[in-house]
Amino acid sequence: MIEAASLIAVLPELVLTVAGLALLITGAFAGDSSARVVNWLSVLALAAAGLTLSTSLAYGPDAFDGLFRADAFAVFAKALIYGAAAAAILLAPRHFNIDGRARPEYPVLILFSSVGMGMMVSAGDLLTLYVGLEMQSLAAYVLASFMRQDERSSEAGLKYFVLGSLASGILLYGISLLYGFTGSTSFDGIAVAMADGVGKGELFGMVFLLAGLAFKMSAVPFHMWTPDVYEGAPTPVTAFFGSAPKVAAMALTIRVAIEALGPAGLDWQQIVIFVALASIIFGGVAAIGQSNIKRLMAYSSINNVGFALIGLAVGTPAGVAATISYLAIYVVMTIGAFACILQMRDEQGRPVETIASLAGLSQSRKGLAAAFAIFMFSMAGIPPLFGFWAKFLVFEAAVAAGMTALAAVGIAASVIGAFYYLKIIKTIYFDEPAKAYEARGGAVENVILTACAIVIVLGYLLNPALDYASAAAAASLF
Amino acid sequence: MDGFPILSLMMAVPMAGAIACLFAGANAARWIALGATLIDLALGALLWGGFDQSANAPQWQFQEYAPIFGRFAWALGIDGIALMLIVLTVFLMPICIGASWQAIEKRVGEYMAAFLFMEVLMIGVFTAQDLYLFYVMFEAGLIPMYLIIGIWGGADRIYASYKFFLYTLLGSVLMLIAMMWMVNEAGTTSIPTLMAYDFAPQVQTWLFLAFFASFAVKMPMWPVHTWLPDAHVQAPTAGSVILAGVLLKMGGYGFIRFSLPMFPDASAQLAWLVWGLSMVAVVYTSLVALVQSDMKKLIAYSSVAHMAIVTVGLFAFNQAGLEGAMMVMLGHGLVSGALFLCVGVIYDRLHTREIARYGGLAINMPKYAVLFLLFTMAAVGLPGTSNFVGEFLALMGIYQASSWVALVCTTGIILGAAYMLYLYRRVVYGEQRNADAAAMPDLSVREIALLAPIAAAVLWMGIYPESFLAPMRADIRALEVRLAPAAPAGDGKLVMGTGRSDAAHSTHAASGEAH
């Protein structure tokens with residue numbers, strides 16, 4: 001039996017669902033000319049959903065008999081997801097206006113994807129987890145192939161779909177094994193069943209479950225789809241993929257690992273450590289040879305997922321707080337970097353994606369070049385930029401938990417990553433100017449860009465707030 | 001001046017200047033940068049004047065504390081050691097700006113902004129009293145220096161900038177892990193507290209090695225010095241001045257502020273490592289310097305040799321050695337900066353650093369020849385110049401700890417004289433082989449204005465070093481006391497002679513009179 005009061009806990013999802021459906025109808029009847037209005041209304045819907053987050057928190061952690069959780073952790077993740085989704089919508093119109101016609105379905109799909117991501121981070125049961133994940137993924141497959149006339153985009157969508165289905169299969173297999181051996185699909189039930197020792201079957205289920213989730217996070221060794229999809233998808237969609245779904249998948253993994261698989265901590269810790277270090281190293285090494293900026297960002301995201309996972313590998317409340325703080329800072333850097341990438345257009349306004357075309361940007365567009373350099377130095381983890389603090393937090397958590405060797409290897413590998421970020425800065429600042437880009441960016445792009453850059457430069461002043469929020473969010477899991 | 005945040009102000013002024021430079025035109029940026037650095041110089045003089053050197057003065061002065069960053073604080077404060085290095089920084093900065101006045105023609109605003117930002121970070125490194133704040137300042141310096149080398153450097157600048165950045169970054173990240181471990185163990189990020197904290201001896205070794213990885217690269221010590229010649233050769237003149245003058249001092253400052261007081265046992269145990277590397281550096285890099293055909297490379301290698309004298313002085317574990325190390329750092333900051341300026345002067349005229357392209361400059365550039373001679377002699381360590389005081393004290397200190405190390409390191413003085421005088425002879429004396437070199441005009445007023453203050457400071461430091469030693473004395477004594485329990489026994493086995501009794505003495509005197 002479902003109590004009506006439980007609906008309060010899902011108020012943000014309800015707002016987004018209703019808004020998404022209404023806007024879909026609007027788009028269908030009003031045609032493509034309504035794209036602009038739908039865009040802004042979607043952002044409004046995300047803002048409204050963000051405002052209802054505190055209401056859902058007030059309702060209490062469990063809703064629908066534990067199927068759904070509305071705790072501080074979910075609120076933290078959802079705030080990031082909604083913010084990133086709104087930015088992805090705002091960044092899009094200029095891109096689509098030039099490439100073809102802007103269509104109202106784009107923001108609507110992002111709204112539906114956000115509903116799915118909200119369910120992912122709030123899941124308290126393997127079934128909610130699966131439904132949320134699929135909802136997010138189905139919207140994402142369509143988004144990847146959104147430029148349907150473009151071969152690369154269609155290819156990206158198809159690849160994403162096929163590999164995503166495979167991952168879903170692996171995930172479901174893991175879920176069925178876990179259900180079979182523990183007799184429950186709820187996270188609490190699984191934790192109770194595992195408390196008396198982890199059996200072989202449970203271990204198998206857990207490995208398959210984590211493999212499926214690693215695919216969604218694009219962590220090594222399940223990362224293969226990422227560069228192709230990032231490259232092929234329209235750039236605003238890539239910006240979206242790089243930010244919100246990452247947060248959702250990572251938050252979901254944390255919740256599953258801590259809440260459901262907590263008793264098997266020592267078992268999954270090894271897996272997570274391997275995945276984290278492999279992602280850091282592979283993401284860093286493979287990025288070096290890239291010449292396409294979107295592919296490079298794909299490897300960069302793999303690299304970043306590795307760092308974020310170090311916090312989870314630690315497994316303490318401080319580690320989880322560090323990981324979600326990492327995600328918060330990472331989202332700001334990613335959105336900012338893509339706001340820069342979206343301004344890479346030639347004089348006719350067509351998007352350019354080669355890194356070589358950035359040459360000498362510092363002389364034609366000083367502000368854009370400075371912002372780009374700020375995001376790249378920040379991603380490389382160089383203080384005083386905020387990206388350093390993200391890495392600092394996860395490594396500090398690792399050291400505090402006595403995993404000094406993990407921290408030392410991870411941080412040494414971060415130097416590999418620094419190399420390819422430096423390469424971009426070198427291209428922008430040191431090389432002789434290439435063909436100039438379009439003279440100025442759009443107003444919305446510039447506002448987002450500036451806001452992100454300010455956060456990255458002055459972010460340390462936000463530390464007390466970030467510490468407080470992430471600690472509260474992490475505490476709600478333990 | 002109690003309570004007035006002069007240290008924050010010293011960082012705020014160049015920061016504001018840096019932001020203003022980004023938006024200003026070329027000429028305005030030059031004047032803004034000069035103004036900001038001169039204000040900082042004045043503030044530095046005030047700081048020196050206001051620093052309490054009396055016997056019962058507190059060790060840390062001008063302290064500021066604002067816990068605004070959550071896990072770490074904006075905590076500043078200086079002792080005498082930091083004071084001297086700050087004074088060196090603010091003294092060299094206006095000279096760097098002046099040296100770039102005409103040499104930098106493209107993207108002047110960004111250049112000046114990078115330099116001013118660099119000044120903020122250097123002052124930040126020397127004043128930080130919070131471990132993480134120190135790290136942030138220490139690492140952030142990579143960004144402006146990377147840009148300075150990469151944008152305004154010579155032909156091979158991109159390779160040099162990568163090498164500089166990645167080398168120093170790799171060195172530093174392990175130090176960060178060690179810092180986290182220390183903070184976790186001691187429960188504080190305050191540097192003065194950590195300096196008095198006793199870490200378990202076996203852990204100290206690991207922590208020492210992690211810090212060593214960073215400071216040895218920064219210093220730079222053989223064999224991780226190879227980034228320095230590349231960076232120096234490719235950097236613009238002012239970049240070389242600031243690199244040799246101040247950035248290298250961060251390594252020495254790191255040793256004296258962190259490695260020695262925080263890990264005294266490990267420092268003593270691993271002193272042989274430092275001594276060994278320093279001995280190799282003194283002999284090897286001096287010999288390498290001898291065969292260079294590029295003037296900047298020669299001075300870069302000589303920097304490595306001088307820095308090795310600093311490290312042996314530091315790891316002598318006695319007051320003479322520590323004071324000597326500090327004096328070498330200050331003296332070398334001035335002299336190597338001045339030598340790079342001297343190279344810059346003729347590079348600006350002929351656009352080559354090849355020694356063979358010059359010759360006989362004493363004929364057409366007499367003023368230049370005089371000043372260059374002074375700095376050459378100072379680099380050699382002639383008595384009366386700054387480097388003599390430092391090198392003498394440092395070698396005297398190490399002699400008490402190990403006479404073999406002292407013996408090997410003292411050859412550095414001889415080799416130093418060899419390569420510096422050889423350089424001077426080839427550039428300034430002899431025949432005027434090249435017509436274009438012979439036609440170069442003598443120093444302009446601007447160039448004299450840049451070199452004269454350094455010349456004055458070099459002589460001041462050589463003739464009356466007490467002005468510079470006095471502020472540091474109490475701090476170095478405190479450090480010596482901290483190190484005393486761990487300090488390795490010297491190999492000199494000095495035995496105090498039994499003097500004659502008073503009676504014998506007076507008889508002797510009496511017999512003397514009788515003669």
# chains A, B, ... in the order shown; residues from 1 in each chain; ligands from 1
>>> select_by_dssp(residues="range 142-294 of chain A", states="alpha helix (DSSP H)", output="number ranges by chain")
A: 142-144, 151-182, 187-194, 200-217, 225-232, 235-255, 265-288, 293-294
>>> write_last_selection(atoms="C-alpha atoms", output="CSV table (one decimal), in the first residue's frame")
chain,number,residue,atom,x,y,z
A,142,VAL,CA,18.2,9.3,-28.2
A,143,LEU,CA,20.2,12.4,-27.2
A,144,ALA,CA,23.4,10.9,-28.5
A,151,GLU,CA,26.4,10.0,-39.6
A,152,ARG,CA,28.7,10.3,-36.6
A,153,SER,CA,25.8,11.2,-34.3
A,154,SER,CA,23.7,8.3,-35.4
A,155,GLU,CA,26.7,6.0,-35.0
A,156,ALA,CA,27.3,7.3,-31.5
A,157,GLY,CA,23.7,6.7,-30.6
A,158,LEU,CA,23.7,3.2,-32.0
A,159,LYS,CA,27.0,2.3,-30.3
A,160,TYR,CA,25.8,3.7,-27.0
A,161,PHE,CA,22.6,1.8,-27.3
A,162,VAL,CA,24.1,-1.6,-28.1
A,163,LEU,CA,26.9,-1.4,-25.5
A,164,GLY,CA,24.5,0.2,-23.0
A,165,SER,CA,22.1,-2.7,-23.4
A,166,LEU,CA,24.9,-5.2,-22.9
A,167,ALA,CA,25.8,-3.4,-19.7
A,168,SER,CA,22.2,-3.4,-18.6
A,169,GLY,CA,22.2,-7.1,-19.2
A,170,ILE,CA,25.2,-7.6,-17.0
A,171,LEU,CA,23.7,-5.5,-14.4
A,172,LEU,CA,20.4,-7.4,-14.4
A,173,TYR,CA,22.3,-10.6,-14.2
A,174,GLY,CA,24.1,-9.3,-11.1
A,175,ILE,CA,20.8,-8.2,-9.7
A,176,SER,CA,19.2,-11.6,-10.2
A,177,LEU,CA,22.1,-13.4,-8.6
A,178,LEU,CA,22.0,-11.1,-5.6
A,179,TYR,CA,18.2,-11.5,-5.3
A,180,GLY,CA,18.6,-15.3,-5.6
A,181,PHE,CA,21.3,-15.6,-3.0
A,182,THR,CA,20.0,-13.0,-0.5
A,187,PHE,CA,19.4,-2.5,-0.2
A,188,ASP,CA,18.7,-3.0,3.5
A,189,GLY,CA,17.6,-6.6,3.0
A,190,ILE,CA,20.7,-7.4,1.1
A,191,ALA,CA,22.9,-5.9,3.7
A,192,VAL,CA,21.1,-7.9,6.4
A,193,ALA,CA,21.6,-11.1,4.4
A,194,MET,CA,25.3,-10.4,3.8
A,200,LYS,CA,30.2,-17.2,-3.5
A,201,GLY,CA,26.9,-16.4,-5.2
A,202,GLU,CA,26.6,-13.1,-3.5
A,203,LEU,CA,30.1,-12.3,-4.5
A,204,PHE,CA,29.3,-13.1,-8.2
A,205,GLY,CA,26.2,-11.0,-8.1
A,206,MET,CA,28.1,-8.1,-6.6
A,207,VAL,CA,30.8,-8.3,-9.3
A,208,PHE,CA,28.3,-8.3,-12.1
A,209,LEU,CA,26.4,-5.4,-10.5
A,210,LEU,CA,29.6,-3.4,-10.1
A,211,ALA,CA,30.6,-4.2,-13.7
A,212,GLY,CA,27.3,-2.8,-15.0
A,213,LEU,CA,27.6,0.3,-12.9
A,214,ALA,CA,31.3,0.8,-14.0
A,215,PHE,CA,30.0,0.8,-17.6
A,216,LYS,CA,27.6,3.6,-16.7
A,217,MET,CA,30.4,5.6,-15.0
A,225,TRP,CA,32.1,3.4,-25.5
A,226,THR,CA,33.0,6.7,-24.0
A,227,PRO,CA,35.4,8.3,-26.6
A,228,ASP,CA,33.2,7.3,-29.6
A,229,VAL,CA,30.0,8.5,-28.0
A,230,TYR,CA,31.5,11.7,-26.7
A,231,GLU,CA,33.0,12.5,-30.2
A,232,GLY,CA,29.9,11.6,-32.1
A,235,THR,CA,28.6,19.0,-28.3
A,236,PRO,CA,25.9,20.2,-25.9
A,237,VAL,CA,24.9,16.5,-25.4
A,238,THR,CA,28.5,15.6,-24.7
A,239,ALA,CA,28.6,18.4,-22.1
A,240,PHE,CA,25.5,16.7,-20.6
A,241,PHE,CA,27.0,13.2,-20.7
A,242,GLY,CA,30.2,14.5,-19.1
A,243,SER,CA,28.5,16.0,-16.1
A,244,ALA,CA,25.0,14.9,-14.9
A,245,PRO,CA,24.9,11.1,-15.7
A,246,LYS,CA,28.4,10.8,-14.3
A,247,VAL,CA,27.2,12.2,-11.0
A,248,ALA,CA,24.1,10.0,-11.1
A,249,ALA,CA,26.1,6.8,-11.8
A,250,MET,CA,28.7,7.6,-9.3
A,251,ALA,CA,26.2,8.5,-6.6
A,252,LEU,CA,24.3,5.3,-7.3
A,253,THR,CA,27.4,3.2,-7.1
A,254,ILE,CA,28.3,4.8,-3.7
A,255,ARG,CA,24.8,4.1,-2.4
A,265,GLY,CA,33.3,-3.8,2.0
A,266,LEU,CA,36.6,-5.6,1.9
A,267,ASP,CA,35.6,-7.5,-1.2
A,268,TRP,CA,34.4,-4.5,-3.3
A,269,GLN,CA,37.2,-2.4,-2.0
A,270,GLN,CA,39.7,-4.3,-4.0
A,271,ILE,CA,37.6,-4.0,-7.1
A,272,VAL,CA,37.1,-0.3,-6.7
A,273,ILE,CA,40.8,0.3,-6.0
A,274,PHE,CA,41.7,-1.5,-9.2
A,275,VAL,CA,39.1,0.3,-11.2
A,276,ALA,CA,40.1,3.7,-9.8
A,277,LEU,CA,43.9,3.3,-10.5
A,278,ALA,CA,43.3,1.7,-13.9
A,279,SER,CA,41.0,4.6,-14.8
A,280,ILE,CA,43.4,7.2,-13.6
A,281,ILE,CA,46.4,5.7,-15.5
A,282,PHE,CA,44.6,4.7,-18.7
A,283,GLY,CA,42.6,7.9,-18.9
A,284,GLY,CA,45.8,9.8,-18.6
A,285,VAL,CA,47.9,7.8,-21.0
A,286,ALA,CA,45.3,7.4,-23.7
A,287,ALA,CA,44.4,11.1,-23.7
A,288,ILE,CA,47.9,12.1,-24.7
A,293,ILE,CA,39.0,17.9,-28.2
A,294,LYS,CA,35.8,16.0,-27.5
>>> closest_atom_pairs(of="chain A", to="chain B", cutoff="10 Å", atoms="only C-alpha atoms", output="Markdown table")
| residue | atom | partner | partner_atom | distance |
| --- | --- | --- | --- | --- |
| A:Ser362 | CA | B:Arg107 | CA | 9.8 |
| A:Gln363 | CA | B:Arg107 | CA | 8.5 |
| A:Lys366 | CA | B:Leu22 | CA | 9.6 |
| A:Ala373 | CA | B:Ile143 | CA | 9.9 |
| A:Ile374 | CA | B:Ile143 | CA | 10.0 |
| A:Phe377 | CA | B:Ile143 | CA | 8.0 |
| A:Ile382 | CA | B:Ala140 | CA | 6.5 |
| A:Pro383 | CA | B:Ala140 | CA | 5.1 |
| A:Pro384 | CA | B:Val136 | CA | 5.7 |
| A:Leu385 | CA | B:Ala140 | CA | 8.4 |
| A:Phe388 | CA | B:Val136 | CA | 8.8 |
| A:Trp389 | CA | B:Val136 | CA | 9.7 |
| A:Phe392 | CA | B:Leu176 | CA | 8.5 |
| A:Leu393 | CA | B:Arg71 | CA | 9.8 |
| A:Phe395 | CA | B:Ile177 | CA | 7.5 |
| A:Glu396 | CA | B:Met180 | CA | 5.9 |
| A:Ala397 | CA | B:Met180 | CA | 9.1 |
| A:Ala398 | CA | B:Met180 | CA | 9.5 |
| A:Val399 | CA | B:Trp181 | CA | 6.0 |
| A:Ala400 | CA | B:Asn184 | CA | 6.0 |
| A:Ala401 | CA | B:Asn184 | CA | 9.5 |
| A:Gly402 | CA | B:Trp181 | CA | 8.6 |
| A:Thr404 | CA | B:Ile177 | CA | 7.4 |
| A:Ala405 | CA | B:Ile177 | CA | 9.4 |
| A:Ala407 | CA | B:Ile177 | CA | 7.0 |
| A:Ala408 | CA | B:Leu174 | CA | 6.4 |
| A:Val409 | CA | B:Leu174 | CA | 9.1 |
| A:Gly410 | CA | B:Val173 | CA | 9.9 |
| A:Ile411 | CA | B:Val173 | CA | 6.3 |
| A:Ala412 | CA | B:Leu170 | CA | 6.6 |
| A:Ala413 | CA | B:Leu170 | CA | 9.1 |
| A:Ser414 | CA | B:Val173 | CA | 8.8 |
| A:Val415 | CA | B:Leu170 | CA | 6.1 |
| A:Ile416 | CA | B:Leu166 | CA | 8.7 |
| A:Ala418 | CA | B:Leu166 | CA | 7.8 |
| A:Phe419 | CA | B:Leu166 | CA | 7.3 |
| A:Leu422 | CA | B:Tyr162 | CA | 7.8 |
| A:Lys423 | CA | B:Tyr162 | CA | 8.8 |
| A:Ile425 | CA | B:Leu147 | CA | 9.0 |
| A:Lys426 | CA | B:Gly150 | CA | 7.5 |
| A:Tyr429 | CA | B:Ile151 | CA | 6.6 |
| A:Phe430 | CA | B:Ile151 | CA | 5.1 |
| A:Asp431 | CA | B:Ile151 | CA | 8.5 |
| A:Gly459 | CA | B:Phe69 | CA | 9.2 |
| A:Tyr460 | CA | B:Phe69 | CA | 5.6 |
| A:Leu461 | CA | B:Phe69 | CA | 5.7 |
| A:Leu462 | CA | B:Phe69 | CA | 7.5 |
| A:Asn463 | CA | B:Gly70 | CA | 5.2 |
| A:Pro464 | CA | B:Gly70 | CA | 4.6 |
| A:Ala465 | CA | B:Gly70 | CA | 8.3 |
| A:Leu466 | CA | B:Gly70 | CA | 8.8 |
| A:Asp467 | CA | B:Gly70 | CA | 7.2 |
| A:Tyr468 | CA | B:Gly70 | CA | 9.3 |
>>> residues_around(residues="range 96-100 of chain B", least_positions_apart="5", cutoff="10 Å", atoms="only C-alpha atoms", output="list of chain:residue names")
B:Arg30, B:Trp31, B:Ala33, B:Leu34, B:Gly35, B:Thr37, B:Phe91, B:Glu105, B:Val108, B:Tyr111, B:Met112, B:Phe115, B:Leu116, B:Pro236, B:Thr237, B:Ala238, B:Gly239, B:Ser240, B:Val241, B:Ile242, B:Gly337, B:Leu341, B:Gly344, B:Val345, B:Arg446, B:Glu447, B:Ala449, B:Leu450, B:Leu451
>>> residues_around(residues="range 30-39 of chain A", least_positions_apart="5", cutoff="10 Å", atoms="only C-alpha atoms", output="PyMOL selection string")
chain A and resi 19-20+22-25+44-45+86+89-90+92-93+101-108
>>> atom_distance(atom1="CA of Ala264 in chain A", atom2="CA of Val314 in chain A")
13.5 Å
>>> closest_residue(among="A:Gly124, A:Gly360, A:Gly262, A:Gly83", to="Ala63 in chain A", atoms="only C-alpha atoms")
A:Gly124
>>> residues_around(residues="Glu347 in chain A", least_positions_apart="5", cutoff="8 Å", atoms="only C-alpha atoms", output="PDB file with N, CA and C atoms, in the first residue's frame")
ATOM      1  N   ALA A 436      41.449  32.154 -37.109  1.00  0.00           N
ATOM      2  CA  ALA A 436      40.711  32.662 -35.949  1.00  0.00           C
ATOM      3  C   ALA A 436      39.307  32.081 -35.899  1.00  0.00           C
ATOM      4  N   TYR A 437      38.787  32.047 -34.708  1.00  0.00           N
ATOM      5  CA  TYR A 437      37.410  31.603 -34.521  1.00  0.00           C
ATOM      6  C   TYR A 437      36.456  32.758 -34.766  1.00  0.00           C
ATOM      7  N   GLU A 438      35.193  32.409 -34.746  1.00  0.00           N
ATOM      8  CA  GLU A 438      34.149  33.416 -34.775  1.00  0.00           C
ATOM      9  C   GLU A 438      34.417  34.430 -33.666  1.00  0.00           C
ATOM     10  N   ALA A 439      34.116  35.689 -33.972  1.00  0.00           N
ATOM     11  CA  ALA A 439      34.625  36.744 -33.105  1.00  0.00           C
ATOM     12  C   ALA A 439      34.138  36.683 -31.665  1.00  0.00           C
TER      13      ALA A 439
END
>>> closest_residue(among="B:Ala210, B:Ala155, B:Ile256, B:Ile414", to="Glu480 in chain B", atoms="only C-alpha atoms")
B:Ile256
>>> residues_around(residues="Phe112 in chain A", least_positions_apart="4", cutoff="9 Å", atoms="only C-alpha atoms", output="MDAnalysis selection string")
chainID A and resid 16:17 20:21 107:108 116:117 135:136 139
>>> residues_around(residues="range 293-296 of chain B", least_positions_apart="3", cutoff="12 Å", atoms="only C-alpha atoms", output="PyMOL selection string")
chain B and resi 154+228-237+239-241+244+288-290+299-303+336-344+346-347+352-358+419-420+422-424+426-427
